[in-house]
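Source file: query26.txt (compact mmCIF, C-alpha atoms)
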```txt
# COMPACT_ATOMS: atom_id res chain seq x y z
CA MET A 1 59.02 20.74 34.87
CA PRO A 2 55.27 20.00 34.58
CA GLN A 3 54.11 16.64 35.77
CA LYS A 4 52.53 14.39 33.13
CA THR A 5 49.07 13.05 33.83
CA LEU A 6 48.45 9.52 32.73
CA VAL A 7 45.04 9.16 31.10
CA LYS A 8 43.62 5.68 30.71
CA PRO A 9 41.13 5.10 27.94
CA ARG A 10 37.73 3.95 29.08
CA THR A 11 37.12 0.33 28.33
CA ALA A 12 33.49 0.05 29.30
CA THR A 13 31.73 -2.53 27.23
CA ARG A 14 28.52 -1.56 25.59
CA SER A 15 25.97 -4.18 24.85
CA ALA A 16 24.14 -3.92 21.58
CA PRO A 17 20.65 -2.52 22.01
CA THR A 18 18.05 -5.23 22.03
CA ARG A 19 15.22 -4.97 19.59
CA PRO A 20 11.77 -4.64 21.10
CA PRO A 21 9.51 -7.66 20.69
CA LEU A 22 7.26 -7.55 17.66
CA TYR A 23 3.51 -8.12 17.50
CA LYS A 24 1.28 -9.21 14.64
CA VAL A 25 -1.91 -7.34 13.83
CA ILE A 26 -4.58 -9.79 12.69
CA LEU A 27 -7.82 -9.09 10.84
CA LEU A 28 -10.58 -11.41 12.06
CA ASN A 29 -13.35 -12.32 9.65
CA ASP A 30 -17.00 -11.76 10.44
CA ASP A 31 -20.10 -12.29 8.32
CA PHE A 32 -21.59 -8.82 8.83
CA THR A 33 -19.03 -6.12 8.03
CA PRO A 34 -19.23 -5.16 4.33
CA ARG A 35 -16.13 -6.02 2.34
CA GLU A 36 -15.86 -2.49 0.96
CA PHE A 37 -15.78 -1.08 4.49
CA VAL A 38 -13.01 -3.49 5.53
CA VAL A 39 -10.97 -2.37 2.51
CA GLN A 40 -11.53 1.29 3.48
CA VAL A 41 -10.29 0.65 7.02
CA LEU A 42 -7.21 -1.24 5.79
CA LYS A 43 -6.35 1.63 3.46
CA ALA A 44 -6.90 4.32 6.12
CA VAL A 45 -5.38 2.70 9.22
CA PHE A 46 -2.69 0.49 7.69
CA ARG A 47 -1.87 2.66 4.65
CA MET A 48 -2.47 -0.19 2.21
CA ARG A 49 -2.94 0.26 -1.49
CA PRO A 50 -6.40 -0.75 -2.76
CA GLU A 51 -5.19 -3.99 -4.38
CA ARG A 52 -3.33 -5.09 -1.25
CA ALA A 53 -6.24 -4.17 1.03
CA TYR A 54 -8.64 -6.20 -1.12
CA ALA A 55 -6.29 -9.21 -1.12
CA VAL A 56 -5.91 -9.06 2.69
CA MET A 57 -9.67 -8.76 3.15
CA MET A 58 -10.30 -11.76 0.88
CA THR A 59 -7.67 -13.85 2.70
CA ALA A 60 -9.38 -13.12 6.03
CA HIS A 61 -12.75 -13.89 4.44
CA ARG A 62 -11.59 -17.28 3.13
CA ARG A 63 -9.40 -18.37 6.06
CA GLY A 64 -11.11 -16.67 8.99
CA ALA A 65 -8.16 -14.41 9.80
CA CYS A 66 -5.20 -12.73 8.14
CA VAL A 67 -2.00 -11.23 9.51
CA ILE A 68 -1.90 -7.65 8.28
CA ALA A 69 1.44 -6.37 9.53
CA VAL A 70 4.05 -6.68 12.27
CA TYR A 71 4.93 -3.75 14.54
CA THR A 72 6.27 -3.01 17.99
CA ARG A 73 3.68 -3.69 20.68
CA ASP A 74 2.50 -0.10 21.12
CA VAL A 75 2.05 0.52 17.40
CA ALA A 76 0.33 -2.85 16.86
CA GLU A 77 -2.15 -2.29 19.69
CA THR A 78 -2.86 1.28 18.62
CA LYS A 79 -3.58 0.28 15.02
CA ALA A 80 -5.69 -2.73 16.04
CA THR A 81 -7.74 -0.55 18.38
CA GLU A 82 -8.19 2.16 15.75
CA GLY A 83 -9.39 -0.35 13.15
CA THR A 84 -11.82 -2.00 15.57
CA GLU A 85 -13.16 1.39 16.69
CA ARG A 86 -13.81 2.47 13.09
CA GLY A 87 -16.02 -0.59 12.71
CA ARG A 88 -17.86 0.06 15.96
CA GLN A 89 -18.55 3.66 14.97
CA LYS A 90 -20.44 2.33 11.95
CA GLY A 91 -22.13 -0.44 13.94
CA TYR A 92 -20.07 -3.32 12.51
CA PRO A 93 -18.39 -6.12 14.46
CA LEU A 94 -15.09 -5.57 12.61
CA GLN A 95 -12.26 -6.78 14.82
CA PHE A 96 -8.49 -6.65 14.79
CA ALA A 97 -6.35 -8.56 17.28
CA THR A 98 -2.67 -8.57 18.23
CA GLU A 99 -0.38 -11.39 19.28
CA PRO A 100 3.37 -11.77 19.78
CA GLU A 101 5.46 -12.60 16.74
CA GLU A 102 7.39 -15.85 17.22
```

I need this file expressed as structure tokens, please.
Amino acid sequence: MPQKTLVKPRTATRSAPTRPPLYKVILLNDDFTPREFVVQVLKAVFRMRPERAYAVMMTAHRRGACVIAVYTRDVAETKATEGTERGRQKGYPLQFATEPEE
């Protein structure tokens, strides 16, 4: 008679994966970069529609800064760097910053 093997189910507890911290990408206003160029960068780097890009640019113009989007840290820093570099290539002081989302 074959011997029965007792199999115990695994009861390891799995913790839910934690979400990575999020970072805001912020457009900083300056008095030298043309508005049309800022809109172009917002459309190209952040995939904004023209109306949204214009509204974001005007908010930064009026308030000094505007939060554009929230991403994981790597994506936020990559997009901020790309936007800033596009301005530098044209000789503008266009600047994007990142900071942790609360």

### Message
Set the distance at 8 Å and use all atoms listed in the file: which residues neighbour region 38-54 of chain A once local chain neighbours fewer than 2 positions away are removed? I'd like the list as a VMD selection string.
### Response
chain A and resid 33 to 36 56 to 58 79 82 to 83 86 94

### Task
Compare A:Arg19, A:Val67, A:Lys4, A:Tyr92 by their minimum atom-to-atom distance to Ala55 (chain A), counting only C-alpha atoms, and give me the closest one.
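The answer is A:Val67, which sits nearest to Ala55 (chain A).
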
### Query
Could you pull the residues within 10 Å of Pro93 (chain A), counting only C-alpha atoms, minus those fewer than 3 positions along the same chain, as a list in words?
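Selected residues are Leu28, Asn29, Asp30, Asp31, Phe32, Thr33, Thr84, Glu85, Arg86, Gly87, Arg88, Gln89, Lys90 and Phe96 of chain A.
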
## Note on the structure
Among A:Leu27, A:Pro21, A:Thr5, A:Arg14, Ala60 (chain A) is approached most closely, using all atoms listed in the file, by A:Leu27

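Using all atoms listed in the file, the shortest contact distance between Glu102 (chain A) and any of A:Ala69, A:Lys24, A:Val7, A:Thr81 is found at A:Lys24.
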
### Task
Point out the residue among A:Pro100, A:Arg62, A:Tyr23, A:Gln3 with the least atom-to-atom distance to Ala76 (chain A), counting all atoms listed in the file.
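Residue with the minimum atom-to-atom distance to Ala76 (chain A): A:Tyr23.
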
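Here CA of Val25 (chain A) is placed at a distance of 9.9 Å from CA of Thr78 (chain A).
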
### Task
Calculate how many Å separate CA of Ala97 (chain A) from CA of Arg63 (chain A), rounding to one decimal.
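The value is 15.2 Å.
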
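Counting all atoms listed in the file, the residue from A:Gly91, A:Leu6, A:Glu77, A:Ile26 that sits nearest to Thr59 (chain A) is A:Ile26.
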
### Distance in Å - CA of Ala16 (chain A) versus CA of Asp74 (chain A)
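That distance, rounded to one decimal, is 22.0 Å.
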
Padded axis-aligned box of region 83-86 of chain A (6 Å per side), centre and edge lengths, Å, one decimal, as JSON:
```
{"center_x": -11.6, "center_y": 0.2, "center_z": 14.9, "size_x": 16.4, "size_y": 16.5, "size_z": 15.6}
```

Fix up region 34-67 of chain A with N, CA and C atoms, then write it as a PDB file, keeping the file's coordinate frame.
```pdb
ATOM      1  N   PRO A  34     -19.364  -5.161   5.795  1.00  0.00           N
ATOM      2  CA  PRO A  34     -19.230  -5.160   4.330  1.00  0.00           C
ATOM      3  C   PRO A  34     -17.769  -5.171   3.891  1.00  0.00           C
ATOM      4  N   ARG A  35     -17.499  -5.899   2.839  1.00  0.00           N
ATOM      5  CA  ARG A  35     -16.130  -6.020   2.340  1.00  0.00           C
ATOM      6  C   ARG A  35     -15.536  -4.661   1.980  1.00  0.00           C
ATOM      7  N   GLU A  36     -16.348  -3.810   1.374  1.00  0.00           N
ATOM      8  CA  GLU A  36     -15.860  -2.490   0.960  1.00  0.00           C
ATOM      9  C   GLU A  36     -15.407  -1.673   2.175  1.00  0.00           C
ATOM     10  N   PHE A  37     -16.137  -1.809   3.279  1.00  0.00           N
ATOM     11  CA  PHE A  37     -15.780  -1.080   4.490  1.00  0.00           C
ATOM     12  C   PHE A  37     -14.450  -1.598   5.052  1.00  0.00           C
ATOM     13  N   VAL A  38     -14.264  -2.902   5.041  1.00  0.00           N
ATOM     14  CA  VAL A  38     -13.010  -3.490   5.530  1.00  0.00           C
ATOM     15  C   VAL A  38     -11.839  -2.950   4.702  1.00  0.00           C
ATOM     16  N   VAL A  39     -12.016  -2.891   3.391  1.00  0.00           N
ATOM     17  CA  VAL A  39     -10.970  -2.370   2.510  1.00  0.00           C
ATOM     18  C   VAL A  39     -10.680  -0.903   2.857  1.00  0.00           C
ATOM     19  N   GLN A  40     -11.721  -0.113   3.104  1.00  0.00           N
ATOM     20  CA  GLN A  40     -11.530   1.290   3.480  1.00  0.00           C
ATOM     21  C   GLN A  40     -10.699   1.412   4.761  1.00  0.00           C
ATOM     22  N   VAL A  41     -11.021   0.601   5.748  1.00  0.00           N
ATOM     23  CA  VAL A  41     -10.290   0.650   7.020  1.00  0.00           C
ATOM     24  C   VAL A  41      -8.835   0.241   6.813  1.00  0.00           C
ATOM     25  N   LEU A  42      -8.594  -0.799   6.048  1.00  0.00           N
ATOM     26  CA  LEU A  42      -7.210  -1.240   5.790  1.00  0.00           C
ATOM     27  C   LEU A  42      -6.408  -0.146   5.092  1.00  0.00           C
ATOM     28  N   LYS A  43      -7.031   0.533   4.161  1.00  0.00           N
ATOM     29  CA  LYS A  43      -6.350   1.630   3.460  1.00  0.00           C
ATOM     30  C   LYS A  43      -6.076   2.790   4.403  1.00  0.00           C
ATOM     31  N   ALA A  44      -7.039   3.146   5.243  1.00  0.00           N
ATOM     32  CA  ALA A  44      -6.900   4.320   6.120  1.00  0.00           C
ATOM     33  C   ALA A  44      -5.960   4.063   7.294  1.00  0.00           C
ATOM     34  N   VAL A  45      -6.148   2.960   7.987  1.00  0.00           N
ATOM     35  CA  VAL A  45      -5.380   2.700   9.220  1.00  0.00           C
ATOM     36  C   VAL A  45      -4.003   2.115   8.918  1.00  0.00           C
ATOM     37  N   PHE A  46      -3.944   1.204   7.947  1.00  0.00           N
ATOM     38  CA  PHE A  46      -2.690   0.490   7.690  1.00  0.00           C
ATOM     39  C   PHE A  46      -1.973   0.962   6.427  1.00  0.00           C
ATOM     40  N   ARG A  47      -2.503   2.035   5.821  1.00  0.00           N
ATOM     41  CA  ARG A  47      -1.870   2.660   4.650  1.00  0.00           C
ATOM     42  C   ARG A  47      -1.634   1.669   3.503  1.00  0.00           C
ATOM     43  N   MET A  48      -2.588   0.787   3.288  1.00  0.00           N
ATOM     44  CA  MET A  48      -2.470  -0.190   2.210  1.00  0.00           C
ATOM     45  C   MET A  48      -2.995   0.382   0.903  1.00  0.00           C
ATOM     46  N   ARG A  49      -2.419  -0.083  -0.169  1.00  0.00           N
ATOM     47  CA  ARG A  49      -2.940   0.260  -1.490  1.00  0.00           C
ATOM     48  C   ARG A  49      -4.222  -0.543  -1.708  1.00  0.00           C
ATOM     49  N   PRO A  50      -5.110  -0.064  -2.563  1.00  0.00           N
ATOM     50  CA  PRO A  50      -6.400  -0.750  -2.760  1.00  0.00           C
ATOM     51  C   PRO A  50      -6.276  -2.229  -3.102  1.00  0.00           C
ATOM     52  N   GLU A  51      -5.335  -2.582  -3.969  1.00  0.00           N
ATOM     53  CA  GLU A  51      -5.190  -3.990  -4.380  1.00  0.00           C
ATOM     54  C   GLU A  51      -4.756  -4.857  -3.208  1.00  0.00           C
ATOM     55  N   ARG A  52      -3.823  -4.350  -2.421  1.00  0.00           N
ATOM     56  CA  ARG A  52      -3.330  -5.090  -1.250  1.00  0.00           C
ATOM     57  C   ARG A  52      -4.426  -5.225  -0.195  1.00  0.00           C
ATOM     58  N   ALA A  53      -5.157  -4.137   0.039  1.00  0.00           N
ATOM     59  CA  ALA A  53      -6.240  -4.170   1.030  1.00  0.00           C
ATOM     60  C   ALA A  53      -7.304  -5.185   0.629  1.00  0.00           C
ATOM     61  N   TYR A  54      -7.635  -5.235  -0.644  1.00  0.00           N
ATOM     62  CA  TYR A  54      -8.640  -6.200  -1.120  1.00  0.00           C
ATOM     63  C   TYR A  54      -8.131  -7.630  -0.932  1.00  0.00           C
ATOM     64  N   ALA A  55      -6.862  -7.867  -1.261  1.00  0.00           N
ATOM     65  CA  ALA A  55      -6.290  -9.210  -1.120  1.00  0.00           C
ATOM     66  C   ALA A  55      -6.274  -9.649   0.346  1.00  0.00           C
ATOM     67  N   VAL A  56      -5.925  -8.750   1.257  1.00  0.00           N
ATOM     68  CA  VAL A  56      -5.910  -9.060   2.690  1.00  0.00           C
ATOM     69  C   VAL A  56      -7.321  -9.374   3.171  1.00  0.00           C
ATOM     70  N   MET A  57      -8.277  -8.549   2.764  1.00  0.00           N
ATOM     71  CA  MET A  57      -9.670  -8.760   3.150  1.00  0.00           C
ATOM     72  C   MET A  57     -10.174 -10.122   2.667  1.00  0.00           C
ATOM     73  N   MET A  58      -9.852 -10.476   1.428  1.00  0.00           N
ATOM     74  CA  MET A  58     -10.300 -11.760   0.880  1.00  0.00           C
ATOM     75  C   MET A  58      -9.619 -12.937   1.587  1.00  0.00           C
ATOM     76  N   THR A  59      -8.367 -12.794   1.958  1.00  0.00           N
ATOM     77  CA  THR A  59      -7.670 -13.850   2.700  1.00  0.00           C
ATOM     78  C   THR A  59      -8.359 -14.074   4.043  1.00  0.00           C
ATOM     79  N   ALA A  60      -8.677 -12.989   4.744  1.00  0.00           N
ATOM     80  CA  ALA A  60      -9.380 -13.120   6.030  1.00  0.00           C
ATOM     81  C   ALA A  60     -10.756 -13.734   5.808  1.00  0.00           C
ATOM     82  N   HIS A  61     -11.420 -13.358   4.733  1.00  0.00           N
ATOM     83  CA  HIS A  61     -12.750 -13.890   4.440  1.00  0.00           C
ATOM     84  C   HIS A  61     -12.702 -15.405   4.204  1.00  0.00           C
ATOM     85  N   ARG A  62     -11.703 -15.847   3.471  1.00  0.00           N
ATOM     86  CA  ARG A  62     -11.590 -17.280   3.130  1.00  0.00           C
ATOM     87  C   ARG A  62     -11.047 -18.119   4.279  1.00  0.00           C
ATOM     88  N   ARG A  63     -10.091 -17.574   5.029  1.00  0.00           N
ATOM     89  CA  ARG A  63      -9.400 -18.370   6.060  1.00  0.00           C
ATOM     90  C   ARG A  63      -9.848 -18.073   7.479  1.00  0.00           C
ATOM     91  N   GLY A  64     -10.645 -17.021   7.654  1.00  0.00           N
ATOM     92  CA  GLY A  64     -11.110 -16.670   8.990  1.00  0.00           C
ATOM     93  C   GLY A  64     -10.284 -15.615   9.677  1.00  0.00           C
ATOM     94  N   ALA A  65      -9.045 -15.434   9.238  1.00  0.00           N
ATOM     95  CA  ALA A  65      -8.160 -14.410   9.800  1.00  0.00           C
ATOM     96  C   ALA A  65      -6.999 -14.195   8.845  1.00  0.00           C
ATOM     97  N   CYS A  66      -6.366 -13.038   8.978  1.00  0.00           N
ATOM     98  CA  CYS A  66      -5.200 -12.730   8.140  1.00  0.00           C
ATOM     99  C   CYS A  66      -4.276 -11.796   8.894  1.00  0.00           C
ATOM    100  N   VAL A  67      -2.984 -12.128   8.917  1.00  0.00           N
ATOM    101  CA  VAL A  67      -2.000 -11.230   9.510  1.00  0.00           C
ATOM    102  C   VAL A  67      -1.820 -10.058   8.554  1.00  0.00           C
TER     103      VAL A  67
END
```
